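Have a look at the structure below, then the notes.
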Amino acid sequence: MKNNDLAIVILAAGKGTRLKSSLAKVLHPAGGRSLIEQVLRSCAPLKARRTIVVVGHQAEKVTAVVEPLGAQAVPQQPQRGTGHAMMVARRALGNAKLAIVLAGDAPLIRTETLQALLAAHRSANAAATVLTAVLADPSGYGRIVRKSGDHVAAIVEESQLTDAQREINEINSAIYCFSPQKLWPALARVKPNNKHRELYLTDAVGVLASQGETVVAQIAGDAREVLGCNTRADLSAVDRIFREAKRDALMNAGVTIQLPETVLVDPDVTAGEDTVIEAGVQLLGATKIGARCTIRAGSVLADAVLGDDVVIEAHSLVAQSRIDADVVIGPFARLRGGTHLKSGSRIGNFVEVKNSTVGEGTKAMHLTYLGDARIGNKTNIGAGTITCNYDGFHKHPTTIGSGVFIGSDSALVAPVRLGDGAYVGAGSTITENVPAGALGIARGRQANKAGWAAKKRRELAASEKVGGSKKKSKARRR
Ligand code: UD1
Ligand code: CA
């Protein structure tokens with residue numbers, strides 16, 4: 001059920017000059033999502049009839065992000081301030097009785113806080129309710145000048161503060177609830193009386209208060225929630241808060257995280273009980289980890305789906321791969337897109353796997369490349385085995401049955417098939433299919449020449465006596 005009286009307006013047209021970036025501010029990420037997406041997600045549970053995003057800088061890019069999330073983009077061209085941005089949004093608001101206004105660059109805001117803001121606005125029957133926060137360092141923010149009690153007299157921007165006002169540490173979050181029919185006439189009276197010649201929404205709040213309308217301040221319980229991202233340092237501070245919250249959520253779900261401040265977890269990642277995540281791990285994208293897994297130090301998982309009891313040894317990279325239960329990977333393994341490791345299989349150090357299925361209990365323990373391969377169960381891939389899947393023009397498949405034994409340092413030139421139970425002799429370059437149960441061996445035959453080494457040494461010693469120069473013997477010593 002939509003809340004028909006409510007509209008949400010997110011101001012996101014600004015460039016973010018202080019970021020010094022070619023990317024619009026609200027598209028910068030914090031906590032694994034763009035700022036604007038974070039704000040939209042916090043608003044979604046309010047079920048507003050309309051959600052409007054005022055866009056300006058890189059309007060097309062921002063629109064492409066917000067429209068799929070159910071918001072309507074309204075262009076503000078040029079950007080003449082936050083008050084002007086609201087005027088631009090007016091038509092899109094229709095006849096909403098209440099409007100929650102947010103800044104696209106303050107992404108930590110929680111749904112519960114917006115609900116409390118709405119409730120405070122309704123119970124005070126206010127014209128405007130301002131979400132405020134008390135900060136130890138209020139610099140850079142607009143300050144709240146109070147009338148009496150909860151009532152606000154004005155919001156004064158940093159650049160316009162008197163010395164006395166500079167001491168105020170209650171700040172404007174730029175998150176408000178307005179009764180639009182009161183806001184519009186007040187906005188019409190705002191003048192661009194500042195050095196940027198902008199129309200400030202904050203001044204409309206002052207106009208309402210001076211007209212005797214009820215303007216109340218609601219202090220955010222957690223001041224961190226209203227932090228805005230004006231600089232790169234702000235972005236990193238906000239990212240840190242999101243990341244910490246995500247790790248706490250995982251720990252609350254029964255996951256052990258060693259040195260949590262070194263572990264990066266994206267918002268959609270899940271992990272089962274008694275999973276252990278060691279220091280320096282990154283869990284990215286849509287990664288899903290089962291119960292009782294161990295992800296050892298320095299490993300990076302991106303869009304990886306792991307069953308229960310999987311061990312990822314140190315410094316392994318696992319991307320776009322499916323790992324069934326009881327698999328052990330690494331250390332120093334690299335799994336790329338389209339890899340499926342079935343239960344009990346083992347991928348060891350310096351093994352790369354791409355677009356391949358590895359059957360139950362199959363092992364490739366050392367120094368191997370498996371690309372475009374389908375491998376059955378309980379097969380042993382010897383050290384240094386390479387599937388030669390690329391001929392310079394096309395990729396070709398390698399099919400290896402169950403119970404196969406591939407000797408070390410074999411090259412399997414695709415397309416090629418090895419039947420169930422086949423053997424491949426070490427050092428072979430296999431260019432033809434090996435039938436089930438057969439031995440494929442393709443290498444030069446070994447010849448041992450008796451006494452050859454002693455003879456060779458005698459020859460070398462003799463040549464040294466005859467023609468040996470000082471230069472040569474020096475070189476040998478080195
Ligand atoms: C604003 C508030 C300030 C508050 C702070 C909280 C004003 C004048 N000041 O300051 O009181 O303490 O937020 O973070 O409102 N935007 C537009 N169109 C414009 C200008 C801005 O859509 O013409 C958008 C920006 O993209 C941004 C938001 O409005 O998402 C806030 O603008 P910003 O320039 O960051 O304002 P602050 O200086 O941070
Ligand atoms: Ca800001």
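Ligands are numbered from 1 in the order shown, chains are lettered A, B, ... in the order of the structure tokens, and residues start at 1 in each chain.
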Give the residues close to ligand 2, within 6 Å, counting only C-alpha atoms and all ligand atoms; write them as a count of residues only. 4
Mind listing the residues within 6 Å of ligand 1, only C-alpha atoms and all ligand atoms counted, as an NGL selection string? :A and (11-14 or 54 or 79-82 or 85 or 103-105 or 141-142 or 157 or 171-174 or 200-202 or 228)
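Within 7 Å of region 354-369 of chain A, once only C-alpha atoms are used and residues closer than 5 positions along the same chain are dropped, the contacting residues are Leu335, Arg336, Gly337, Gly338, Thr339, His340, Leu341, Lys342, Ser343, Gly344, Ser345, Arg346, Ile347, Gly348, Asn349, Arg374, Ile375, Gly376, Asn377, Lys378, Thr379, Asn380, Ile381, Gly382, Ala383, Gly384, Thr385, Ile386 and Thr387 of chain A.
When DSSP reads the backbone of this structure, the residues of region 181-318 of chain A it assigns to strand (DSSP E or B) are Val215, Val216, Ala217, Gln218, Ile219, Thr256, Ile257, Leu264, Val265, Thr270, Ala271, Val276, Ile277, Gln282, Leu283, Leu284, Lys288, Ile289, Thr294, Ile295, Val300, Leu301, Ala302, Val305, Leu306, Val311, Ile312, Leu317 and Val318 of chain A.
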Which residue, A:Gly425, A:Gly280, A:Pro415, A:Pro267, has the smallest gap to Glu244 (chain A) when you use only C-alpha atoms? A:Pro267
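For the atom pair formed by CA of Leu131 (chain A) and CA of Leu183 (chain A), the distance is 16.3 Å, given to one decimal.
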Just the residues within 6 Å of region 92-98 of chain A, please, counting only C-alpha atoms, with nothing from its chain fewer than 6 positions along; format it as a compact mmCIF listing (two decimals) with N, CA and C atoms, in the first residue's frame.
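And here is the file that came out, selection_24.txt:
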```
# COMPACT_ATOMS: atom_id res chain seq x y z
N ASP A 5 -0.35 10.37 0.62
CA ASP A 5 -0.12 11.77 1.01
C ASP A 5 1.34 12.18 0.88
N LEU A 6 2.22 11.21 0.77
CA LEU A 6 3.65 11.49 0.93
C LEU A 6 4.41 11.51 -0.40
N ALA A 7 5.24 12.54 -0.55
CA ALA A 7 6.20 12.59 -1.66
C ALA A 7 7.60 12.70 -1.06
N PHE A 178 8.30 18.74 5.08
CA PHE A 178 7.57 19.98 4.83
C PHE A 178 6.10 19.69 4.58
N SER A 179 5.28 20.68 4.93
CA SER A 179 3.91 20.70 4.42
C SER A 179 3.96 21.58 3.18
```
May I have the residues within 12 Å of Arg90 (chain A) as a PyMOL selection string, using only C-alpha atoms and disregarding those fewer than 5 positions away in the same chain? chain A and resi 7-9+50+52-54+74-76+83-85+95-96+99+101+180-181+183-185+187-188
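Minimum atom-to-atom distances from A:Arg322, A:Arg143, A:Lys246, A:Lys465 to Leu283 (chain A) were compared using only C-alpha atoms, and the lowest value belongs to A:Lys246.
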Please provide the set of residues having any atom within 10 Å of Ala442 (chain A), restricted to only C-alpha atoms, with same-chain residues fewer than 2 positions apart removed, written as an NGL selection string. :A and (410-411 or 424-432 or 439-440 or 444-445)
Between CA of Arg417 (chain A) and CA of Thr398 (chain A), distance in Å (one decimal):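 Computing it gives 6.0 Å between the two atoms.
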Residue with smallest distance to Gly437 (chain A) - pool A:Leu102, A:Trp452, A:His121, A:Ser402, counting only C-alpha atoms: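 Among A:Leu102, A:Trp452, A:His121, A:Ser402, it is A:Ser402 that comes nearest to Gly437 (chain A).
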Closest of A:Thr129, A:Gln258, A:Asn3, A:Thr287 to Ala271 (chain A) - atom-to-atom distances counting only C-alpha atoms: A:Thr287
List every residue of region 193-428 of chain A that DSSP, applied to the backbone, labels as alpha helix (DSSP H), and write the result as number ranges by chain. A: 201-210, 232-252
Would you work out the distance separating CA of Ala220 (chain A) from CA of Ala128 (chain A), expressed in Å to one decimal?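 Distance between the two atoms: 15.7 Å.
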Calculated over only C-alpha atoms, which of the candidates A:Asp163, A:Asp309, A:Glu112, A:Glu273 has the smallest distance to Glu225 (chain A)?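 Closest residue, counting only C-alpha atoms: A:Glu112.
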